[in-house]
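Novice: Quick one: structure below, then a few questions.
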Amino acid sequence: QVQLAESGGGLVQAGGSLRLSCVASTPFFNNYAGGWFRQAPGKEREFVAAITWNGNGIQYADSVKGRFTVFRENRKNTMYLQMNSLKPEDTAVYYCAAKNSISSYVLTSAEQFADWGQGTQVTVSS
């Protein structure tokens, strides 16, 4: 099992930016697909963004397209979520997830991921 640790959350005004990081405990993170999900109070966990093991495949939720960017640095065992033009509706706990997979298929369902971080809070004030 891979341990994942998110960081970078915080409080930001609407229109601002944050960069979330997800560091994996394995030196073989280049064999893992990654994803970002979020959960707002009273709502179900939802997909935000996902990336294949080599970064060649990426998908975003419609609600974040054009504002968020997912990327990774496998040599650092780290995946990132750059969030720009933040809105109050982006407020949530953000989770990173990983699955041992070198498929070119982009995983977008929470059920497809085996390993999860503890989450980091993002709060966007209006």
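Going by the structure tokens order, chains are called A, B, ..., each with residues numbered from 1, while ligands are numbered from 1 in the order shown.
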Quick check for you: according to DSSP on this backbone, which residues of chain A are classed as strand (DSSP E)? Reply as a PyMOL selection string.

Specialist: chain A and resi 4-7+10-13+18-24+32-39+46-51+58-60+68-73+78-83+92-100+115-116+120-125

Novice: Against stretch 111-118 of chain A, which residues of stretch 27-59 of chain A fall within 10 Å? For each one I want the closest pair of atoms and the distance in Å (one decimal), counting only C-alpha atoms, rows by chain and increasing residue number, as CSV.

Specialist:
```
residue,atom,partner,partner_atom,distance
A:Tyr32,CA,A:Phe113,CA,10.0
A:Ala33,CA,A:Phe113,CA,8.5
A:Gly34,CA,A:Phe113,CA,8.2
A:Gly35,CA,A:Phe113,CA,8.1
A:Trp36,CA,A:Trp116,CA,9.6
A:Phe37,CA,A:Trp116,CA,9.9
```

Novice: Fewer than 2 positions away in the same chain doesn't count, so skip those; otherwise give me all residues within 6 Å of stretch 9-22 of chain A, counting only C-alpha atoms, as number ranges by chain.

Specialist: A: 5-7, 78-87, 120-126

Novice: At most 8 Å is the cut-off: for each residue in stretch 22-81 of chain A with any atom that close to an atom of stretch 103-109 of chain A, write down the nearest atom pair and the distance in Å rounded to one decimal, counting only C-alpha atoms, chain first then increasing number, as JSON lines.

Specialist:
```
{"residue": "A:Ala33", "atom": "CA", "partner": "A:Leu107", "partner_atom": "CA", "distance": 7.4}
{"residue": "A:Gly34", "atom": "CA", "partner": "A:Leu107", "partner_atom": "CA", "distance": 7.8}
{"residue": "A:Gly35", "atom": "CA", "partner": "A:Thr108", "partner_atom": "CA", "distance": 7.2}
{"residue": "A:Phe47", "atom": "CA", "partner": "A:Thr108", "partner_atom": "CA", "distance": 6.5}
{"residue": "A:Ala49", "atom": "CA", "partner": "A:Thr108", "partner_atom": "CA", "distance": 7.4}
{"residue": "A:Ala50", "atom": "CA", "partner": "A:Thr108", "partner_atom": "CA", "distance": 6.2}
{"residue": "A:Ile51", "atom": "CA", "partner": "A:Val106", "partner_atom": "CA", "distance": 6.2}
{"residue": "A:Thr52", "atom": "CA", "partner": "A:Val106", "partner_atom": "CA", "distance": 5.7}
{"residue": "A:Trp53", "atom": "CA", "partner": "A:Ser103", "partner_atom": "CA", "distance": 7.5}
{"residue": "A:Asn56", "atom": "CA", "partner": "A:Ser104", "partner_atom": "CA", "distance": 7.7}
{"residue": "A:Gly57", "atom": "CA", "partner": "A:Val106", "partner_atom": "CA", "distance": 6.0}
{"residue": "A:Ile58", "atom": "CA", "partner": "A:Val106", "partner_atom": "CA", "distance": 6.5}
{"residue": "A:Gln59", "atom": "CA", "partner": "A:Val106", "partner_atom": "CA", "distance": 6.9}
```

Novice: What does the file look like for those residues with N, CA, C and O atoms, as a CSV table (one decimal), in the first residue's frame?

Specialist:
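Contents of result.csv, as written:
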```
chain,number,residue,atom,x,y,z
A,33,ALA,N,-1.0,5.5,-11.6
A,33,ALA,CA,-1.9,6.6,-12.1
A,33,ALA,C,-2.3,7.4,-10.9
A,33,ALA,O,-2.4,6.9,-9.8
A,34,GLY,N,-2.7,8.7,-11.1
A,34,GLY,CA,-3.0,9.5,-10.0
A,34,GLY,C,-4.3,10.3,-10.3
A,34,GLY,O,-4.7,10.5,-11.4
A,35,GLY,N,-4.9,10.7,-9.2
A,35,GLY,CA,-6.2,11.5,-9.3
A,35,GLY,C,-6.4,12.4,-8.1
A,35,GLY,O,-5.8,12.2,-7.1
A,47,PHE,N,-15.0,13.7,-8.5
A,47,PHE,CA,-13.8,13.8,-9.3
A,47,PHE,C,-13.4,15.2,-9.7
A,47,PHE,O,-14.3,16.0,-10.0
A,49,ALA,N,-9.7,15.8,-11.2
A,49,ALA,CA,-8.7,15.7,-12.2
A,49,ALA,C,-8.0,14.3,-12.1
A,49,ALA,O,-7.9,13.8,-11.0
A,50,ALA,N,-7.4,13.8,-13.2
A,50,ALA,CA,-6.7,12.6,-13.1
A,50,ALA,C,-5.6,12.6,-14.2
A,50,ALA,O,-5.7,13.3,-15.2
A,51,ILE,N,-4.5,11.8,-13.9
A,51,ILE,CA,-3.4,11.8,-14.8
A,51,ILE,C,-2.8,10.4,-14.9
A,51,ILE,O,-2.8,9.6,-13.9
A,52,THR,N,-2.4,9.9,-16.1
A,52,THR,CA,-1.8,8.6,-16.2
A,52,THR,C,-0.4,8.6,-15.6
A,52,THR,O,0.2,9.6,-15.2
A,53,TRP,N,0.2,7.4,-15.6
A,53,TRP,CA,1.5,7.2,-14.9
A,53,TRP,C,2.6,8.0,-15.5
A,53,TRP,O,3.5,8.5,-14.8
A,56,ASN,N,0.9,11.4,-19.9
A,56,ASN,CA,0.4,11.6,-21.3
A,56,ASN,C,-1.1,11.7,-21.4
A,56,ASN,O,-1.7,12.2,-22.4
A,57,GLY,N,-1.8,11.2,-20.4
A,57,GLY,CA,-3.3,11.2,-20.4
A,57,GLY,C,-3.8,12.0,-19.2
A,57,GLY,O,-3.3,11.8,-18.1
A,58,ILE,N,-4.7,12.9,-19.5
A,58,ILE,CA,-5.2,13.8,-18.4
A,58,ILE,C,-6.7,14.1,-18.7
A,58,ILE,O,-7.1,14.2,-19.8
A,59,GLN,N,-7.4,14.1,-17.6
A,59,GLN,CA,-8.8,14.5,-17.7
A,59,GLN,C,-9.2,15.4,-16.5
A,59,GLN,O,-8.6,15.3,-15.4
```

Novice: What is the distance, in Å and to one decimal place, between atom CA of A:Val93 and atom CA of A:Arg72?

Specialist: 20.2 Å

Novice: Quick one: residues within 6 Å of A:Ala61, only C-alpha atoms counted, chain neighbours fewer than 2 positions away excluded, as a ChimeraX atom specification?

Specialist: /A:48,63-64

Novice: Output all heavy atoms for every residue in the selection just made, as a short mmCIF file (atom, residue, chain, number, x, y, z; two decimals), in the first residue's frame.

Specialist:
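Saved as again-v3.cif:
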```cif
data_model
loop_
_atom_site.label_atom_id
_atom_site.label_comp_id
_atom_site.auth_asym_id
_atom_site.auth_seq_id
_atom_site.Cartn_x
_atom_site.Cartn_y
_atom_site.Cartn_z
N VAL A 48 -12.12 15.46 -9.65
CA VAL A 48 -11.61 16.77 -10.05
C VAL A 48 -10.70 16.64 -11.26
O VAL A 48 -10.89 17.31 -12.28
CB VAL A 48 -10.84 17.44 -8.89
CG1 VAL A 48 -10.22 18.76 -9.35
CG2 VAL A 48 -11.76 17.67 -7.70
N SER A 63 -16.30 21.28 -14.28
CA SER A 63 -16.36 22.44 -13.40
C SER A 63 -15.00 23.09 -13.17
O SER A 63 -14.95 24.24 -12.71
CB SER A 63 -16.96 22.03 -12.04
OG SER A 63 -16.17 21.00 -11.44
N VAL A 64 -13.92 22.39 -13.49
CA VAL A 64 -12.59 22.96 -13.24
C VAL A 64 -11.78 23.14 -14.52
O VAL A 64 -10.65 23.68 -14.46
CB VAL A 64 -11.79 22.10 -12.24
CG1 VAL A 64 -12.59 21.87 -10.96
CG2 VAL A 64 -11.37 20.78 -12.85
#
```
